[in-house]
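Working notes, structure below.
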Amino acid sequence: MSSLQILAFLSGLAGLGATIAATVSNEWRATSRASSVITATWVLQGLWNNCAGNAIGALHCRPHHTFFKLEGYIQACRGLMISAICLGFFGSTFALVGMKCTKIGGTDNNKARIACFAGVNFLLSGICSLSSCSLYAHRITSEFFDPMFIAQKYELGAALFIGWSGSILCILGGTMLCFSIAGSFTKSHSQANYIYKGTASHISSYPRGQAKPVNPRPPPDYSNSSRMQHFDKNVYV
């Protein structure tokens, strides 16, 4: 189980890194070359910046002008990705405490509960990242295949695939952490049943209504006193 927890922690940590990389990336969507007349330049857009590049490698980026005039799906994706990063960070922290290979966290039952909480955080982080990337990708594809949409069309950027990969890693790590604590709870439950059954069998060995004698005194030995009386009679005779 310890190796499974280490694998789950590494998976969740890699997923957190991929989520952070996707969040700060400026390539959530890129200009579609099929609909672009000038193929020597392209436009990249992310959650925070708009970038324009050309064939010689020059790339110029500027942040979005205002927060209040920003489209609603971009704001939703921002909130989901930030939530995914926070949940992944807390999941990594609690996973370090809850793993069996560490010496902090208290008893095995407490460490199992902490590891379960870390697994839930990883699961929620993966779900948030997956929802954000899927929402953004749905907007891109719906505009691309809409014949009535006459503005610039975009294609899926590399950041979306990085975010999907990170979300899958976080979900796998959280699932493995949740399953890794099943052995600890089963072991503690079996030990509790064994103690209970042992105590019950010890109590049931005595009839009902009869108490167990506490420190019973041994019966008096009259053999020595009878010998002394016989010895005294012989002496007087």
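Scheme for the structure tokens: letters A, B, ... for chains in order shown; per-chain residue numbers from 1; ligand numbers from 1 in order shown.
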
Near A:Gly119, counting only C-alpha atoms, which residues have an atom at most 7 Å away, once you skip same-chain residues fewer than 2 positions from it, shown as a VMD selection string? chain A and resid 91 115 to 117 121 to 123 173 to 175 177 to 178

Would you save the residues of that selection, restricted to all heavy atoms, as a tab-separated table (two decimals), in the first residue's frame?
chain	number	residue	atom	x	y	z
A	91	GLY	N	-4.12	19.00	-1.78
A	91	GLY	CA	-4.04	17.55	-1.91
A	91	GLY	C	-2.61	17.05	-1.77
A	91	GLY	O	-2.36	16.04	-1.12
A	115	ALA	N	-5.05	10.84	4.24
A	115	ALA	CA	-4.81	10.41	2.87
A	115	ALA	C	-6.11	10.39	2.05
A	115	ALA	O	-6.11	10.76	0.87
A	115	ALA	CB	-4.17	9.02	2.87
A	116	CYS	N	-7.21	10.00	2.68
A	116	CYS	CA	-8.50	10.03	1.99
A	116	CYS	C	-8.90	11.46	1.64
A	116	CYS	O	-9.40	11.72	0.53
A	116	CYS	CB	-9.56	9.36	2.85
A	116	CYS	SG	-11.20	9.29	2.10
A	117	PHE	N	-8.66	12.39	2.56
A	117	PHE	CA	-8.97	13.79	2.29
A	117	PHE	C	-8.11	14.33	1.16
A	117	PHE	O	-8.59	15.10	0.31
A	117	PHE	CB	-8.77	14.60	3.57
A	117	PHE	CG	-9.13	16.05	3.45
A	117	PHE	CD1	-10.45	16.44	3.31
A	117	PHE	CD2	-8.15	17.03	3.47
A	117	PHE	CE1	-10.80	17.78	3.20
A	117	PHE	CE2	-8.48	18.37	3.35
A	117	PHE	CZ	-9.82	18.74	3.22
A	121	ASN	N	-9.31	15.82	-2.56
A	121	ASN	CA	-8.83	17.10	-3.12
A	121	ASN	C	-8.28	16.92	-4.53
A	121	ASN	O	-8.53	17.74	-5.42
A	121	ASN	CB	-7.76	17.70	-2.21
A	121	ASN	CG	-8.34	18.38	-1.00
A	121	ASN	OD1	-9.46	18.85	-1.03
A	121	ASN	ND2	-7.57	18.44	0.07
A	122	PHE	N	-7.52	15.84	-4.74
A	122	PHE	CA	-7.01	15.56	-6.08
A	122	PHE	C	-8.14	15.30	-7.07
A	122	PHE	O	-8.09	15.75	-8.22
A	122	PHE	CB	-6.06	14.37	-6.04
A	122	PHE	CG	-4.65	14.71	-5.63
A	122	PHE	CD1	-3.97	13.94	-4.70
A	122	PHE	CD2	-4.00	15.80	-6.19
A	122	PHE	CE1	-2.68	14.26	-4.33
A	122	PHE	CE2	-2.70	16.13	-5.82
A	122	PHE	CZ	-2.05	15.35	-4.88
A	123	LEU	N	-9.15	14.57	-6.62
A	123	LEU	CA	-10.29	14.30	-7.50
A	123	LEU	C	-11.01	15.59	-7.89
A	123	LEU	O	-11.33	15.81	-9.07
A	123	LEU	CB	-11.26	13.34	-6.81
A	123	LEU	CG	-10.83	11.87	-6.73
A	123	LEU	CD1	-11.81	11.09	-5.86
A	123	LEU	CD2	-10.76	11.25	-8.11
A	173	GLY	N	-4.48	9.94	-9.43
A	173	GLY	CA	-3.83	10.03	-8.13
A	173	GLY	C	-4.82	10.03	-6.98
A	173	GLY	O	-4.61	9.35	-5.97
A	174	GLY	N	-5.91	10.79	-7.12
A	174	GLY	CA	-6.91	10.81	-6.07
A	174	GLY	C	-7.60	9.47	-5.90
A	174	GLY	O	-7.88	9.03	-4.77
A	175	THR	N	-7.88	8.77	-7.00
A	175	THR	CA	-8.51	7.46	-6.92
A	175	THR	C	-7.60	6.45	-6.23
A	175	THR	O	-8.05	5.67	-5.38
A	175	THR	CB	-8.88	6.97	-8.32
A	175	THR	OG1	-9.71	7.95	-8.96
A	175	THR	CG2	-9.63	5.65	-8.26
A	177	LEU	N	-5.21	7.09	-4.09
A	177	LEU	CA	-5.10	7.42	-2.66
A	177	LEU	C	-6.33	6.93	-1.90
A	177	LEU	O	-6.20	6.41	-0.78
A	177	LEU	CB	-4.94	8.93	-2.49
A	177	LEU	CG	-3.53	9.49	-2.52
A	177	LEU	CD1	-3.56	11.00	-2.37
A	177	LEU	CD2	-2.68	8.89	-1.41
A	178	CYS	N	-7.50	7.08	-2.47
A	178	CYS	CA	-8.71	6.64	-1.78
A	178	CYS	C	-8.74	5.12	-1.65
A	178	CYS	O	-9.19	4.59	-0.62
A	178	CYS	CB	-9.95	7.13	-2.53
A	178	CYS	SG	-10.20	8.92	-2.45

Contact residues around A:Phe161 with only C-alpha atoms at 12 Å, ignoring same-chain residues under 3 positions, as a PyMOL selection string: chain A and resi 18-19+21-23+25+27-29+129-130+132-134+136-137+156-158+164-168

Which one is closest to A:Leu59: A:Val43, A:Ala30, A:Cys77, A:Ala118? Count only C-alpha atoms. A:Val43

I want to know what sits within 9 Å of A:Arg78, based on only C-alpha atoms, with residues of the same chain fewer than 4 positions away left out; could you give that as a ChimeraX atom specification? /A:23,47-48,73-74,82-83,132

Expected answer as a ChimeraX atom specification: strand (DSSP E) residues in stretch 4-178 of chain A: /A:29-31,41-45,49-54,59-63,154-156

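Among the candidate residues A:Leu10, A:Leu70, A:Ile140, A:Gly126, the one lying nearest to A:Gln152 is A:Ile140, with distances computed using only C-alpha atoms.
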
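The spacing separating atom CA of A:Ala159 from atom CA of A:Phe68 amounts to 24.0 Å.
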
Who sits within 6 Å of A:Gly15, only C-alpha atoms, same chain under 2 positions skipped, as a ChimeraX atom specification: /A:12-13,17-18,166,169-170

As an NGL selection string, please: the residues near A:Ile56 (cut-off 12 Å, only C-alpha atoms, same-chain neighbours under 3 positions excluded). :A and (40-42 or 52-53 or 59)

Expected file contents, prior selection, N, CA, C and O atoms, as a tab-separated table (two decimals), in the first residue's frame:
chain	number	residue	atom	x	y	z
A	40	ALA	N	1.55	33.73	-42.70
A	40	ALA	CA	2.83	34.03	-42.07
A	40	ALA	C	2.67	34.56	-40.65
A	40	ALA	O	3.65	34.66	-39.92
A	41	THR	N	1.47	34.92	-40.26
A	41	THR	CA	1.20	35.40	-38.91
A	41	THR	C	0.07	34.59	-38.30
A	41	THR	O	-0.77	34.04	-39.02
A	42	TRP	N	0.07	34.54	-37.00
A	42	TRP	CA	-0.99	33.82	-36.30
A	42	TRP	C	-1.24	34.50	-34.96
A	42	TRP	O	-0.42	35.27	-34.47
A	52	ALA	N	0.35	37.65	-30.58
A	52	ALA	CA	0.45	37.60	-32.03
A	52	ALA	C	1.90	37.29	-32.39
A	52	ALA	O	2.83	37.88	-31.85
A	53	GLY	N	2.07	36.33	-33.30
A	53	GLY	CA	3.41	35.94	-33.71
A	53	GLY	C	3.52	35.88	-35.21
A	53	GLY	O	2.53	35.94	-35.94
A	59	LEU	N	7.10	37.26	-31.07
A	59	LEU	CA	5.82	37.05	-30.40
A	59	LEU	C	5.56	38.23	-29.48
A	59	LEU	O	6.39	38.57	-28.62

Residue among A:Ala182, A:Met99, A:Leu172, A:Ile104 lying closest to A:Ala14, counting only C-alpha atoms: A:Leu172

Would you mind writing down, as number ranges by chain, each residue of stretch 48-171 of chain A that DSSP on the backbone assigns to alpha helix (DSSP H)? A: 72-98, 108-144, 158-171
